[in-house]
>>> print(open('input_33.cif').read())   # mmCIF, C-alpha atoms
data_work
#
loop_
_atom_site.label_atom_id
_atom_site.label_comp_id
_atom_site.auth_asym_id
_atom_site.auth_seq_id
_atom_site.Cartn_x
_atom_site.Cartn_y
_atom_site.Cartn_z
CA MET A 1491 46.06 -52.17 -83.22
CA TYR A 1492 42.52 -53.57 -83.22
CA ALA A 1493 43.74 -56.96 -84.41
CA ALA A 1494 46.40 -56.94 -81.67
CA ILE A 1495 43.76 -56.22 -79.03
CA LEU A 1496 41.77 -59.25 -80.15
CA LEU A 1497 44.58 -61.71 -80.83
CA LEU A 1498 47.14 -61.04 -78.07
CA PRO A 1499 45.09 -62.80 -75.35
CA LEU A 1500 44.55 -65.77 -77.67
CA LEU A 1501 48.29 -65.98 -78.30
CA GLY A 1502 48.88 -65.80 -74.55
CA ALA A 1503 46.43 -68.66 -74.00
CA ILE A 1504 48.18 -70.80 -76.62
CA ILE A 1505 51.61 -70.16 -75.11
CA ALA A 1506 50.47 -70.83 -71.53
CA GLY A 1507 48.50 -73.92 -72.55
CA SER A 1508 50.84 -75.67 -74.96
CA MET A 1509 54.32 -74.15 -74.71
CA HIS A 1510 54.82 -74.05 -70.94
CA ARG A 1511 57.33 -76.90 -71.18
CA VAL A 1512 59.43 -74.84 -73.61
CA VAL A 1513 59.35 -71.48 -71.83
CA THR A 1514 58.74 -72.96 -68.31
CA ASP A 1515 55.55 -72.48 -66.32
CA GLN A 1516 56.74 -69.21 -64.85
CA GLY A 1517 57.70 -67.86 -68.27
CA ALA A 1518 54.35 -68.86 -69.77
CA ILE A 1519 52.54 -67.14 -66.91
CA PHE A 1520 54.40 -63.86 -67.34
CA ILE A 1521 54.04 -63.97 -71.13
CA SER A 1522 50.26 -64.51 -71.01
CA THR A 1523 49.83 -61.82 -68.35
CA GLY A 1524 52.04 -59.42 -70.30
CA MET A 1525 50.02 -59.91 -73.47
CA THR A 1526 46.80 -59.19 -71.59
CA ALA A 1527 48.45 -56.06 -70.15
CA PHE A 1528 49.43 -54.90 -73.65
CA THR A 1529 45.81 -55.45 -74.69
CA ALA A 1530 44.71 -53.18 -71.84
CA VAL A 1531 47.19 -50.48 -72.89
CA PHE A 1532 46.00 -50.62 -76.51
CA SER A 1533 42.37 -50.55 -75.33
CA TRP A 1534 42.94 -47.36 -73.34
CA ILE A 1535 44.61 -45.81 -76.39
CA VAL A 1536 41.57 -46.69 -78.50
CA PHE A 1537 39.26 -45.28 -75.82
CA PHE A 1538 41.01 -41.90 -75.67
CA THR A 1539 41.61 -41.57 -79.42
CA PHE A 1540 38.23 -42.82 -80.63
CA GLN A 1541 36.53 -40.62 -83.20
CA PRO A 1542 32.86 -41.12 -84.14
CA GLY A 1543 32.50 -42.53 -87.61
CA ASP A 1544 35.52 -44.81 -87.50
CA PRO A 1545 34.87 -47.69 -89.92
CA SER A 1546 34.78 -51.37 -89.08
CA VAL A 1547 38.11 -53.14 -89.47
CA GLU A 1548 37.71 -56.18 -91.75
CA LEU A 1549 40.23 -58.95 -90.99
CA PHE A 1550 39.22 -61.81 -93.30
CA ARG A 1551 36.31 -63.51 -95.01
CA TRP A 1552 34.82 -66.01 -92.60
CA ILE A 1553 31.77 -67.95 -93.86
CA ALA A 1554 30.17 -68.02 -97.29
CA SER A 1555 27.29 -70.47 -97.65
CA GLY A 1556 24.31 -69.78 -99.87
CA GLU A 1557 22.81 -66.44 -98.89
CA LEU A 1558 24.95 -66.28 -95.77
CA GLU A 1559 28.21 -64.39 -96.20
CA THR A 1560 30.07 -63.09 -93.18
CA PHE A 1561 33.43 -61.44 -92.61
CA TRP A 1562 35.39 -61.41 -89.39
CA SER A 1563 35.36 -57.69 -88.71
CA ILE A 1564 36.02 -55.57 -85.65
CA ARG A 1565 33.23 -53.08 -85.01
CA VAL A 1566 34.61 -49.76 -83.87
CA ASP A 1567 32.17 -47.59 -81.94
CA ARG A 1568 31.83 -45.99 -78.52
CA LEU A 1569 30.23 -49.08 -76.95
CA THR A 1570 33.10 -51.24 -78.20
CA SER A 1571 35.75 -48.84 -76.91
CA VAL A 1572 34.19 -48.77 -73.44
CA MET A 1573 33.85 -52.55 -73.23
CA LEU A 1574 37.43 -53.07 -74.44
CA VAL A 1575 38.71 -50.97 -71.54
CA VAL A 1576 36.54 -52.74 -68.97
CA ILE A 1577 37.36 -56.28 -70.10
CA SER A 1578 41.09 -55.86 -70.68
CA THR A 1579 41.69 -53.84 -67.50
CA VAL A 1580 39.78 -56.22 -65.23
CA SER A 1581 41.43 -59.24 -66.86
CA THR A 1582 44.90 -57.72 -66.43
CA LEU A 1583 44.26 -57.04 -62.74
CA VAL A 1584 42.92 -60.56 -62.18
CA GLN A 1585 45.85 -62.20 -63.94
CA SER A 1586 48.38 -60.02 -62.12
CA TYR A 1587 46.86 -60.98 -58.78
CA SER A 1588 46.81 -64.64 -59.84
CA ILE A 1589 50.61 -64.70 -60.20
CA GLY A 1590 50.96 -64.51 -56.44
CA PHE A 1591 47.74 -66.36 -55.67
CA THR A 1592 48.83 -69.47 -57.54
CA ARG A 1593 52.36 -69.46 -56.10
CA GLY A 1594 51.28 -70.94 -52.77
CA GLY A 1595 50.88 -74.70 -52.90
CA ASP A 1596 49.97 -75.43 -49.29
CA HIS A 1597 46.18 -75.41 -49.52
CA PRO A 1598 44.68 -77.75 -46.88
CA ASP A 1599 42.66 -79.48 -49.59
CA PRO A 1600 45.18 -81.32 -51.81
CA THR A 1601 42.78 -81.12 -54.76
CA GLU A 1602 43.14 -77.31 -54.75
CA ASN A 1603 46.91 -76.97 -54.93
CA PHE A 1604 48.50 -75.38 -57.99
CA GLN A 1605 51.06 -78.10 -58.65
CA GLY A 1606 52.84 -79.11 -61.84
CA SER A 1607 51.32 -77.52 -64.92
CA ALA A 1608 48.17 -76.38 -63.08
CA ARG A 1609 49.43 -72.79 -62.90
CA SER A 1610 50.04 -72.44 -66.62
CA ARG A 1611 46.75 -74.23 -67.37
CA PHE A 1612 44.93 -71.74 -65.17
CA PHE A 1613 46.48 -68.76 -66.95
CA ALA A 1614 45.67 -70.32 -70.32
CA CYS A 1615 42.01 -70.48 -69.28
CA LEU A 1616 42.07 -66.87 -68.06
CA SER A 1617 43.61 -65.63 -71.31
CA PHE A 1618 41.15 -67.65 -73.40
CA PHE A 1619 38.29 -66.16 -71.39
CA THR A 1620 39.60 -62.67 -72.15
CA PHE A 1621 39.89 -63.48 -75.87
CA ALA A 1622 36.32 -64.81 -75.99
CA MET A 1623 34.94 -61.69 -74.28
CA LEU A 1624 36.86 -59.45 -76.68
CA ALA A 1625 35.56 -61.45 -79.65
CA LEU A 1626 32.06 -60.98 -78.30
CA VAL A 1627 32.20 -57.20 -77.88
CA THR A 1628 34.06 -56.49 -81.14
CA GLY A 1629 31.74 -58.53 -83.37
CA ASP A 1630 30.37 -56.71 -86.40
CA ASN A 1631 27.80 -59.40 -87.15
CA LEU A 1632 25.59 -61.59 -85.00
CA LEU A 1633 27.35 -64.81 -85.93
CA GLN A 1634 30.66 -63.41 -84.77
CA ILE A 1635 29.03 -62.22 -81.55
CA PHE A 1636 27.62 -65.73 -81.06
CA PHE A 1637 31.11 -67.19 -81.49
CA GLY A 1638 32.41 -65.04 -78.65
CA TRP A 1639 29.24 -65.78 -76.64
CA GLU A 1640 29.88 -69.53 -76.83
CA GLY A 1641 33.61 -69.07 -76.25
CA VAL A 1642 32.82 -67.33 -72.95
CA GLY A 1643 30.60 -70.29 -72.03
CA VAL A 1644 33.38 -72.78 -72.71
CA ALA A 1645 35.93 -70.69 -70.79
CA SER A 1646 33.60 -70.37 -67.80
CA TYR A 1647 33.09 -74.14 -67.81
CA LEU A 1648 36.86 -74.67 -67.71
CA LEU A 1649 37.38 -72.10 -64.94
CA ILE A 1650 34.50 -73.16 -62.69
CA GLY A 1651 35.49 -76.81 -63.00
CA PHE A 1652 39.21 -76.10 -62.77
CA TRP A 1653 39.58 -78.35 -59.71
CA PHE A 1654 38.23 -81.27 -61.72
CA ARG A 1655 39.10 -83.81 -59.01
CA LYS A 1656 36.39 -82.28 -56.80
CA SER A 1657 32.93 -83.59 -57.57
CA SER A 1658 31.31 -80.32 -56.42
CA ALA A 1659 33.43 -78.32 -58.89
CA GLY A 1660 32.50 -80.66 -61.74
CA SER A 1661 28.81 -80.40 -60.86
CA ALA A 1662 28.98 -76.61 -60.70
CA ALA A 1663 30.70 -76.43 -64.09
CA ILE A 1664 28.09 -78.69 -65.68
CA LYS A 1665 25.25 -76.65 -64.14
CA ALA A 1666 26.70 -73.41 -65.52
CA PHE A 1667 27.15 -74.99 -68.93
CA VAL A 1668 23.63 -76.46 -69.10
CA VAL A 1669 21.82 -73.35 -67.79
CA ASN A 1670 23.65 -71.19 -70.32
CA ARG A 1671 22.65 -73.57 -73.09
CA VAL A 1672 19.00 -72.92 -72.19
CA GLY A 1673 19.57 -69.23 -72.82
CA ASP A 1674 21.59 -69.95 -75.95
CA PHE A 1675 18.61 -71.82 -77.42
CA GLY A 1676 16.54 -68.65 -77.21
CA LEU A 1677 19.42 -66.58 -78.58
CA LEU A 1678 19.84 -68.92 -81.55
CA LEU A 1679 16.13 -68.78 -82.35
CA GLY A 1680 16.38 -65.00 -82.33
CA LEU A 1681 19.34 -65.08 -84.71
CA PHE A 1682 17.54 -67.52 -87.01
CA GLY A 1683 14.50 -65.24 -87.02
CA LEU A 1684 16.58 -62.19 -87.90
CA PHE A 1685 18.30 -63.97 -90.77
CA HIS A 1686 14.98 -65.36 -92.04
CA LEU A 1687 13.29 -61.95 -92.03
CA THR A 1688 16.17 -59.67 -93.05
CA GLY A 1689 18.44 -62.02 -95.04
CA SER A 1690 21.51 -60.81 -93.16
CA LEU A 1691 23.28 -61.09 -89.83
CA MET A 1692 25.32 -57.89 -90.25
CA LEU A 1693 24.41 -55.47 -87.49
CA ASP A 1694 23.99 -52.46 -89.79
CA ASP A 1695 21.67 -54.42 -92.11
CA VAL A 1696 19.58 -55.68 -89.20
CA PHE A 1697 19.28 -52.21 -87.65
CA ALA A 1698 18.28 -50.74 -91.02
CA ASP A 1699 15.34 -53.17 -91.19
CA ALA A 1700 14.21 -52.57 -87.58
CA GLU A 1701 11.18 -50.47 -88.52
CA LYS A 1702 10.15 -53.01 -91.14
CA LEU A 1703 10.32 -55.80 -88.56
CA ALA A 1704 8.09 -53.76 -86.25
CA GLU A 1705 5.36 -53.71 -88.89
CA ILE A 1706 5.19 -57.39 -89.84
CA ASN A 1707 3.90 -60.53 -88.13
CA THR A 1708 5.34 -64.03 -88.24
CA ALA A 1709 4.20 -67.53 -87.29
CA PHE A 1710 5.62 -68.97 -84.05
CA LEU A 1711 4.34 -72.10 -82.28
CA GLY A 1712 1.08 -71.93 -84.20
CA MET A 1713 0.50 -68.28 -83.32
CA ASP A 1714 0.68 -65.11 -85.36
CA VAL A 1715 2.96 -62.78 -83.41
CA GLN A 1716 4.66 -59.44 -83.98
CA ALA A 1717 8.08 -60.26 -85.44
CA LEU A 1718 10.20 -57.67 -83.67
CA GLU A 1719 8.68 -58.35 -80.25
CA LEU A 1720 9.30 -62.08 -80.66
CA ILE A 1721 12.92 -61.63 -81.76
CA CYS A 1722 13.69 -59.24 -78.90
CA LEU A 1723 12.16 -61.59 -76.33
CA LEU A 1724 14.23 -64.49 -77.68
CA LEU A 1725 17.40 -62.40 -77.54
CA PHE A 1726 16.49 -61.40 -74.00
CA VAL A 1727 16.27 -65.07 -72.95
CA GLY A 1728 19.89 -65.50 -73.99
CA ALA A 1729 20.89 -62.39 -72.03
CA CYS A 1730 19.03 -63.64 -68.94
CA ALA A 1731 21.06 -66.84 -68.80
CA LYS A 1732 24.44 -65.20 -69.29
CA SER A 1733 23.73 -62.44 -66.76
CA ALA A 1734 22.04 -64.81 -64.27
CA GLN A 1735 18.60 -63.21 -64.17
CA PHE A 1736 15.73 -64.70 -62.19
CA LEU A 1737 14.96 -68.38 -62.97
CA LEU A 1738 18.24 -68.69 -64.88
CA HIS A 1739 20.37 -67.49 -61.96
CA THR A 1740 21.08 -70.83 -60.28
CA TRP A 1741 24.50 -71.35 -61.84
CA LEU A 1742 26.07 -68.14 -60.54
CA SER A 1743 26.32 -68.99 -56.83
CA ASP A 1744 27.95 -72.34 -57.60
CA ALA A 1745 30.55 -70.60 -59.76
CA THR A 1746 32.54 -69.98 -56.58
CA GLU A 1747 33.76 -73.58 -56.85
CA GLY A 1748 36.48 -72.31 -59.16
CA PRO A 1749 39.66 -70.58 -57.95
CA ALA A 1750 39.03 -67.17 -56.38
CA PRO A 1751 40.50 -65.11 -59.28
CA ALA A 1752 38.32 -67.00 -61.75
CA THR A 1753 35.27 -66.28 -59.62
CA ALA A 1754 36.20 -62.60 -59.59
CA LEU A 1755 36.52 -62.58 -63.38
CA ILE A 1756 33.18 -64.32 -63.95
CA HIS A 1757 31.26 -62.24 -61.38
CA SER A 1758 32.84 -58.91 -62.28
CA ALA A 1759 32.30 -56.73 -65.33
CA THR A 1760 33.03 -59.51 -67.79
CA MET A 1761 30.88 -62.62 -68.23
CA ALA A 1762 27.99 -61.43 -66.06
CA ALA A 1763 27.96 -58.23 -68.15
CA ALA A 1764 27.77 -60.09 -71.47
CA GLY A 1765 23.98 -60.11 -71.37
CA VAL A 1766 23.92 -56.38 -70.64
CA PHE A 1767 26.24 -55.80 -73.59
CA LEU A 1768 23.96 -57.81 -75.89
CA LEU A 1769 20.96 -55.67 -74.95
CA CYS A 1770 22.98 -52.47 -75.45
CA ARG A 1771 24.27 -53.67 -78.82
CA MET A 1772 20.77 -54.61 -79.99
CA SER A 1773 19.15 -51.46 -78.53
CA PRO A 1774 18.00 -50.17 -81.97
CA LEU A 1775 15.67 -53.19 -82.04
CA PHE A 1776 14.59 -53.08 -78.39
CA GLU A 1777 13.69 -49.39 -78.65
CA LEU A 1778 10.85 -50.37 -81.00
CA ALA A 1779 9.66 -53.38 -78.95
CA GLU A 1780 7.51 -52.06 -76.09
CA THR A 1781 6.43 -55.47 -74.80
CA ALA A 1782 10.02 -56.73 -74.71
CA LEU A 1783 11.07 -53.61 -72.80
CA LEU A 1784 8.29 -54.18 -70.27
CA VAL A 1785 9.31 -57.81 -69.78
CA MET A 1786 12.94 -56.74 -69.43
CA THR A 1787 12.00 -54.19 -66.76
CA MET A 1788 9.94 -56.69 -64.80
CA VAL A 1789 12.59 -59.43 -64.90
CA GLY A 1790 15.32 -57.00 -63.90
CA ALA A 1791 13.29 -55.66 -61.00
CA ILE A 1792 12.35 -59.13 -59.76
CA THR A 1793 15.98 -60.22 -59.99
CA ALA A 1794 17.18 -57.18 -58.03
CA VAL A 1795 14.64 -57.69 -55.22
CA PHE A 1796 15.14 -61.46 -55.15
CA ALA A 1797 18.92 -61.20 -55.05
CA ALA A 1798 18.84 -58.59 -52.30
CA SER A 1799 16.40 -60.65 -50.20
CA ILE A 1800 18.52 -63.81 -50.18
#
>>> encode(input="input_33.cif", output="structure tokens")
Amino acid sequence: MYAAILLLPLLGAIIAGSMHRVVTDQGAIFISTGMTAFTAVFSWIVFFTFQPGDPSVELFRWIASGELETFWSIRVDRLTSVMLVVISTVSTLVQSYSIGFTRGGDHPDPTENFQGSARSRFFACLSFFTFAMLALVTGDNLLQIFFGWEGVGVASYLLIGFWFRKSSAGSAAIKAFVVNRVGDFGLLLGLFGLFHLTGSLMLDDVFADAEKLAEINTAFLGMDVQALELICLLLFVGACAKSAQFLLHTWLSDATEGPAPATALIHSATMAAAGVFLLCRMSPLFELAETALLVMTMVGAITAVFAASI
């Protein structure tokens, strides 16, 4: 069931994106939406039947290079079960609404009409977005989480710039992509630091070494800094960009250049919540990093006041 939850949206994206000529645009749309709906049903089943202590579900060996060995595994815990329900349910509602939304082709701006294969292309992007978010929240190691993290970035670029004949849409998509890369640079440095200090990217291994990281210092930009505080601050930079916190918020308002359902998906409890999920997932580290928690509180408060004031 866990593999079906992860792979059904990907299969829907492939069918809508490459097989719409075989099954017709309308057929591809209903197939991709149906697969997302099945994902939501399975997610609710997992949510209600979850038992603490369920093991991770290992699908296949992914990367083996030197000291780095990772498996593509689905992490099964309460946080995962909650996020599965949120992502799959919201995505199903958005795609269901989009069936009717994309049917009308009389938009006054001819560059915003769903003509030809535009409808199936749109649903392929929505399904791929759902797959990337599910890959992010089910990751059992940080490299797998980063794969989903970047997949969400690519999907958001495609959705925001969906009306690619409009220069404003293209500019908004590029802005979102570039701003998120700024955050990803910090996130990558944090992942590199964790692998350098712990020798692993598996979440359980990293969490087991949390207290050790809190007791050691490391060199960074010519300074001797506390290792855990530095790593948590770098991870927080990545979360700030994805969740549009102050100074890295500029891309979010321009995201409305995409079709309305895509904007709803990006602004709702999916992409904008990815940064929140990262902080929740890495909470065993943040609990021991007082400076990082203080910075997080200040940035969150400034963002809340700033957003409300504008």
>>> atom_distance(input="input_33.cif", atom1="CA of Thr1781 in chain A", atom2="CA of Asp1630 in chain A")
26.6 Å
>>> resolve_selection(input="input_33.cif", expression="the PyMOL selection byres ((chain A and resi 1701-1704) around 6)", output="ChimeraX atom specification")
/A:1699-1700,1705-1706,1717-1718
>>> write_last_selection(input="input_33.cif", atoms="C-alpha atoms", output="CSV table (one decimal), in the frame of the given file")
chain,number,residue,atom,x,y,z
A,1699,ASP,CA,15.3,-53.2,-91.2
A,1700,ALA,CA,14.2,-52.6,-87.6
A,1705,GLU,CA,5.4,-53.7,-88.9
A,1706,ILE,CA,5.2,-57.4,-89.8
A,1717,ALA,CA,8.1,-60.3,-85.4
A,1718,LEU,CA,10.2,-57.7,-83.7
>>> closest_atom_pairs(input="input_33.cif", of="range 1558-1637 of chain A", to="range 1495-1498 of chain A", cutoff="8 Å", atoms="all atoms listed in the file", output="Markdown table")
| residue | atom | partner | partner_atom | distance |
| --- | --- | --- | --- | --- |
| A:Phe1621 | CA | A:Leu1496 | CA | 6.3 |
| A:Leu1624 | CA | A:Leu1496 | CA | 6.0 |
| A:Ala1625 | CA | A:Leu1496 | CA | 6.6 |
>>> closest_residue(input="input_33.cif", among="A:Gln1516, A:Asn1631, A:Ser1690, A:Thr1746", to="Phe1561 in chain A", atoms="all atoms listed in the file")
A:Asn1631
>>> atom_distance(input="input_33.cif", atom1="CA of Ser1617 in chain A", atom2="CA of Met1772 in chain A")
26.8 Å
>>> atom_distance(input="input_33.cif", atom1="CA of Val1575 in chain A", atom2="CA of Ser1533 in chain A")
5.3 Å
>>> resolve_selection(input="input_33.cif", expression="the PyMOL selection byres ((chain A and resi 1576-1579) around 8)", output="list in words")
Thr1526, Ala1527, Thr1529, Ala1530, Ser1533, Val1572, Met1573, Leu1574, Val1575, Val1580, Ser1581, Thr1582, Leu1583, Thr1620, Met1623, Leu1624, Ala1759 and Thr1760 of chain A
>>> closest_residue(input="input_33.cif", among="A:Val1668, A:Ala1754, A:Val1566, A:Val1536", to="Gly1643 in chain A", atoms="all atoms listed in the file")
A:Val1668
>>> residues_near_point(input="input_33.cif", point="(53.4, -68.6, -70.8)", cutoff="12 Å", atoms="all atoms listed in the file", output="PDB file with C-alpha atoms, in the coordinates of the input")
ATOM      1  CA  PRO A1499      45.090 -62.800 -75.350  1.00  0.00           C
ATOM      2  CA  LEU A1500      44.550 -65.770 -77.670  1.00  0.00           C
ATOM      3  CA  LEU A1501      48.290 -65.980 -78.300  1.00  0.00           C
ATOM      4  CA  GLY A1502      48.880 -65.800 -74.550  1.00  0.00           C
ATOM      5  CA  ALA A1503      46.430 -68.660 -74.000  1.00  0.00           C
ATOM      6  CA  ILE A1504      48.180 -70.800 -76.620  1.00  0.00           C
ATOM      7  CA  ILE A1505      51.610 -70.160 -75.110  1.00  0.00           C
ATOM      8  CA  ALA A1506      50.470 -70.830 -71.530  1.00  0.00           C
ATOM      9  CA  GLY A1507      48.500 -73.920 -72.550  1.00  0.00           C
ATOM     10  CA  SER A1508      50.840 -75.670 -74.960  1.00  0.00           C
ATOM     11  CA  MET A1509      54.320 -74.150 -74.710  1.00  0.00           C
ATOM     12  CA  HIS A1510      54.820 -74.050 -70.940  1.00  0.00           C
ATOM     13  CA  ARG A1511      57.330 -76.900 -71.180  1.00  0.00           C
ATOM     14  CA  VAL A1512      59.430 -74.840 -73.610  1.00  0.00           C
ATOM     15  CA  VAL A1513      59.350 -71.480 -71.830  1.00  0.00           C
ATOM     16  CA  THR A1514      58.740 -72.960 -68.310  1.00  0.00           C
ATOM     17  CA  ASP A1515      55.550 -72.480 -66.320  1.00  0.00           C
ATOM     18  CA  GLN A1516      56.740 -69.210 -64.850  1.00  0.00           C
ATOM     19  CA  GLY A1517      57.700 -67.860 -68.270  1.00  0.00           C
ATOM     20  CA  ALA A1518      54.350 -68.860 -69.770  1.00  0.00           C
ATOM     21  CA  ILE A1519      52.540 -67.140 -66.910  1.00  0.00           C
ATOM     22  CA  PHE A1520      54.400 -63.860 -67.340  1.00  0.00           C
ATOM     23  CA  ILE A1521      54.040 -63.970 -71.130  1.00  0.00           C
ATOM     24  CA  SER A1522      50.260 -64.510 -71.010  1.00  0.00           C
ATOM     25  CA  THR A1523      49.830 -61.820 -68.350  1.00  0.00           C
ATOM     26  CA  GLY A1524      52.040 -59.420 -70.300  1.00  0.00           C
ATOM     27  CA  MET A1525      50.020 -59.910 -73.470  1.00  0.00           C
ATOM     28  CA  THR A1526      46.800 -59.190 -71.590  1.00  0.00           C
ATOM     29  CA  ILE A1589      50.610 -64.700 -60.200  1.00  0.00           C
ATOM     30  CA  SER A1607      51.320 -77.520 -64.920  1.00  0.00           C
ATOM     31  CA  ARG A1609      49.430 -72.790 -62.900  1.00  0.00           C
ATOM     32  CA  SER A1610      50.040 -72.440 -66.620  1.00  0.00           C
ATOM     33  CA  ARG A1611      46.750 -74.230 -67.370  1.00  0.00           C
ATOM     34  CA  PHE A1612      44.930 -71.740 -65.170  1.00  0.00           C
ATOM     35  CA  PHE A1613      46.480 -68.760 -66.950  1.00  0.00           C
ATOM     36  CA  ALA A1614      45.670 -70.320 -70.320  1.00  0.00           C
ATOM     37  CA  CYS A1615      42.010 -70.480 -69.280  1.00  0.00           C
ATOM     38  CA  LEU A1616      42.070 -66.870 -68.060  1.00  0.00           C
ATOM     39  CA  SER A1617      43.610 -65.630 -71.310  1.00  0.00           C
TER      40      SER A1617
END
>>> residues_around(input="input_33.cif", residues="Ala1794 in chain A", least_positions_apart="6", cutoff="12 Å", atoms="all atoms listed in the file", output="PDB file with C-alpha atoms, in the frame of the given file")
ATOM      1  CA  ALA A1734      22.040 -64.810 -64.270  1.00  0.00           C
ATOM      2  CA  GLN A1735      18.600 -63.210 -64.170  1.00  0.00           C
ATOM      3  CA  PHE A1736      15.730 -64.700 -62.190  1.00  0.00           C
ATOM      4  CA  HIS A1739      20.370 -67.490 -61.960  1.00  0.00           C
ATOM      5  CA  THR A1787      12.000 -54.190 -66.760  1.00  0.00           C
ATOM      6  CA  MET A1788       9.940 -56.690 -64.800  1.00  0.00           C
ATOM      7  CA  ILE A1800      18.520 -63.810 -50.180  1.00  0.00           C
TER       8      ILE A1800
END
>>> residues_near_point(input="input_33.cif", point="(12.5, -61.3, -85.4)", cutoff="7 Å", atoms="all atoms listed in the file", output="ChimeraX atom specification")
/A:1680,1683-1684,1687,1703,1717-1718,1720-1722
>>> write_last_selection(input="input_33.cif", atoms="C-alpha atoms", output="compact mmCIF listing (two decimals), in the frame of the given file")
# COMPACT_ATOMS: atom_id res chain seq x y z
CA GLY A 1680 16.38 -65.00 -82.33
CA GLY A 1683 14.50 -65.24 -87.02
CA LEU A 1684 16.58 -62.19 -87.90
CA LEU A 1687 13.29 -61.95 -92.03
CA LEU A 1703 10.32 -55.80 -88.56
CA ALA A 1717 8.08 -60.26 -85.44
CA LEU A 1718 10.20 -57.67 -83.67
CA LEU A 1720 9.30 -62.08 -80.66
CA ILE A 1721 12.92 -61.63 -81.76
CA CYS A 1722 13.69 -59.24 -78.90
>>> closest_residue(input="input_33.cif", among="A:Glu1747, A:Asp1567, A:Glu1548, A:Glu1559", to="Leu1632 in chain A", atoms="all atoms listed in the file")
A:Glu1559
>>> closest_residue(input="input_33.cif", among="A:Gly1629, A:Gly1543, A:Gly1590, A:Gly1689", to="Glu1557 in chain A", atoms="only C-alpha atoms")
A:Gly1689
>>> closest_residue(input="input_33.cif", among="A:Trp1741, A:Phe1726, A:Phe1636, A:Phe1710", to="Ala1659 in chain A", atoms="all atoms listed in the file")
A:Trp1741
>>> residues_around(input="input_33.cif", residues="Leu1725 in chain A", least_positions_apart="6", cutoff="9 Å", atoms="all atoms listed in the file", output="list of chain:residue names")
A:Gly1673, A:Asp1674, A:Gly1676, A:Leu1677, A:Leu1678, A:Leu1679, A:Gly1680, A:Leu1681, A:Leu1768, A:Leu1769, A:Met1772
>>> resolve_selection(input="input_33.cif", expression="the PyMOL selection byres ((chain A and resi 1540) around 9)", output="NGL selection string")
:A and (1535-1539 or 1541-1542 or 1544 or 1566-1568 or 1571)
>>> closest_residue(input="input_33.cif", among="A:Phe1528, A:Phe1697, A:Trp1562, A:Phe1604", to="Phe1652 in chain A", atoms="all atoms listed in the file")
A:Phe1604
>>> residues_around(input="input_33.cif", residues="Ala1698 in chain A", least_positions_apart="6", cutoff="10 Å", atoms="all atoms listed in the file", output="mmCIF file with C-alpha atoms, in the coordinates of the input")
data_model
loop_
_atom_site.group_PDB
_atom_site.id
_atom_site.type_symbol
_atom_site.label_atom_id
_atom_site.label_comp_id
_atom_site.auth_asym_id
_atom_site.auth_seq_id
_atom_site.Cartn_x
_atom_site.Cartn_y
_atom_site.Cartn_z
ATOM 1 C CA THR A 1688 16.170 -59.670 -93.050
ATOM 2 C CA PRO A 1774 18.000 -50.170 -81.970
ATOM 3 C CA LEU A 1775 15.670 -53.190 -82.040
#
